[in-house]
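*Asks:* Here it is: the structure, laid out below.
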Amino acid sequence: MSAALPSAQPSPAPTRDPAWLGRVFWLGAAAVLLWPLLVATEFRPWILVERDNLKVTGQFLASFLPPAHSAEFLAMVAREAWRTVAIATAGLTLAFIVAVPLTLACTRVLSVSALSGRMARGPALLRQVVRLLLIVLRSVPELVWALVFVRVVGLGPTAGVLAIALTYGGMLGKVYAEILESGEPHATHTLLRNGSSRLQAFFYGLLPQNAAELTSYTVYRWECAIRSSVVLGFVGAGGLGQQLDNSMKMFNGGEVFTMLAVFVLLVALADRVSAGLRRALG
Amino acid sequence: MTTGLALDLQALSARHPAARSGAAPALKATTLHIGAGEVLAVIGPSGAGKTTLLQALACALPPSAGQLLVDGRNPWALPRRELQALRGRLFLAPQVPPLPPRQRVVTSVLAGRLPAMGLLASVRSLFYPADIPAAHAALARFDLADKLFERVDRLSGGERQRVGLARALLSPARLWLVDEPLSALDPARARQAIETLVNEARARGVTLVATLHQVDMALAHFPRILALHEGTVAFDLPAAAVSRERLQALYAQHEHELRGEVPASAAAALDATLPAPAVVAHCR
């Protein structure tokens, strides 16, 4: 049978993408909004390539070579790098201890009253207070905490450890809570509905559900803590940062270069550890 | 031996938790008595309100009208601590097995015992399982004894569902509420699972309410059949008194379900049992 198909009038091909105008408009709007920001930050990148500035940059970079590599210097770098890792690790451990109870207190998924309708008023208020505490902890930069603690406990790594503990406690607490709330709550809610306590539901439902994400974020924060402890060294909190500050002030490019290389190694190490843990937990 | 919980529904209406507040309740003014230790199957086409009934009985869903009495007490009038203690005396097995990925089967099964364990004992059980023989015995009832130390995300959908059911055998509950326990099982496994649940509930004197899509399975193993249709009770009869005509009327627009085909909703629920990809949230 060769019934002819209903011969549809071929509609002319559209000449234009109807979404095109909107796209151009929003791109333009974004540029207009960004312009005042660039003005406010005196953003003039072309001065980087002016002849005089290029000379200064070139001299600084040239001083990197050869990297400092005397045995005495390398031993000192190793010692201070170890101290930097120690500051970051001790600080992050303290931050973890600060963050975990606050996280548990403000995670909605673990609320028993929110299982069936709205959360009760008391617990809801408590969660707001804990969230506010986390905001205060992390909104003060670790540099400011370090300056405070250097005055209290004197120059040295202790100030760095305490500074990282407070700021990072606030960050870990907030992000842990977000990770726990963005995961699938089915297992946790079922345990709570069957009469488990909140902490039991955490250990048997919420934690195994989100372990990989929590671990990888914690390792990433450890990497950040290593970078942070460098900056804290500049204000006298010890570690590799303090040595870097000294070498910069002496214009000793070779020493700066060696220490920067050590930082790159440490960050790469954290990256490998994180990837390995994710694979093990995935 | 303590007896099962008795349930009384007095003109109880309940709304699905995700429903808009103006929507019609999924369960409408239902009055029902379930005696202590009774074994009961709830049947009805998709959307009849079976799961909502189970959620209401589990004290998971507050009634929008009417009231629920558990052993003569209104759970929603209790202080939250006592409500949570009461929830420890009932066991709700959702259709999608509530198993977090990476957990081992032994841990998932022993989680049924959490309401009877202190916090310290339950944390210790994560380091070394508290009662391996009990977990093993419960799994053996569902033919899963060899999976004791497997990870749950490496099991098949049917195996995961049976792990969720084995958890009931460990729980201290006096009321089992089981939602579609057979949706992922082949006929032989389904018969074994339902026989295990019914026999164990009888032996322990536990009240058992199960929603089922497999009508023949319900008629063969359950003495009492409650049929729901559009949120109301269509009939509530001993299994022997359920006639072919009644079933045909009940499933009038859903005959494929009566013939035992897997309804689309159950298949969709099974897809949902697969672990969701981890949420990627970086740049913090």
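By convention here, the chains of the structure tokens are called A, B, ... in the order presented, each chain's residues are numbered starting at 1, and ligands are numbered starting at 1 in the order presented.
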Residues of range 162-254 of chain B classed as helix (DSSP H, G or I) by DSSP on the backbone are to be reported as a PyMOL selection string.
*Replies:* chain B and resi 162-170+187-204+215-221+239-241+244-250
*Asks:* For chain B, list the residues within 6 Å of chain A, counting only C-alpha atoms, and write the list as a count of residues only.
*Replies:* 11
*Asks:* How far is it from CA of Ile132 in chain B to CA of Val106 in chain B, in Å with one decimal?
*Replies:*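 Those two atoms sit 7.2 Å apart.
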*Asks:* Which is closest to Lys50 in chain B among B:Asn199, B:Thr30, B:Gln10, B:Gln161, if we use only C-alpha atoms?
*Replies:*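 For Lys50 in chain B, the nearest of the given residues is B:Thr30.
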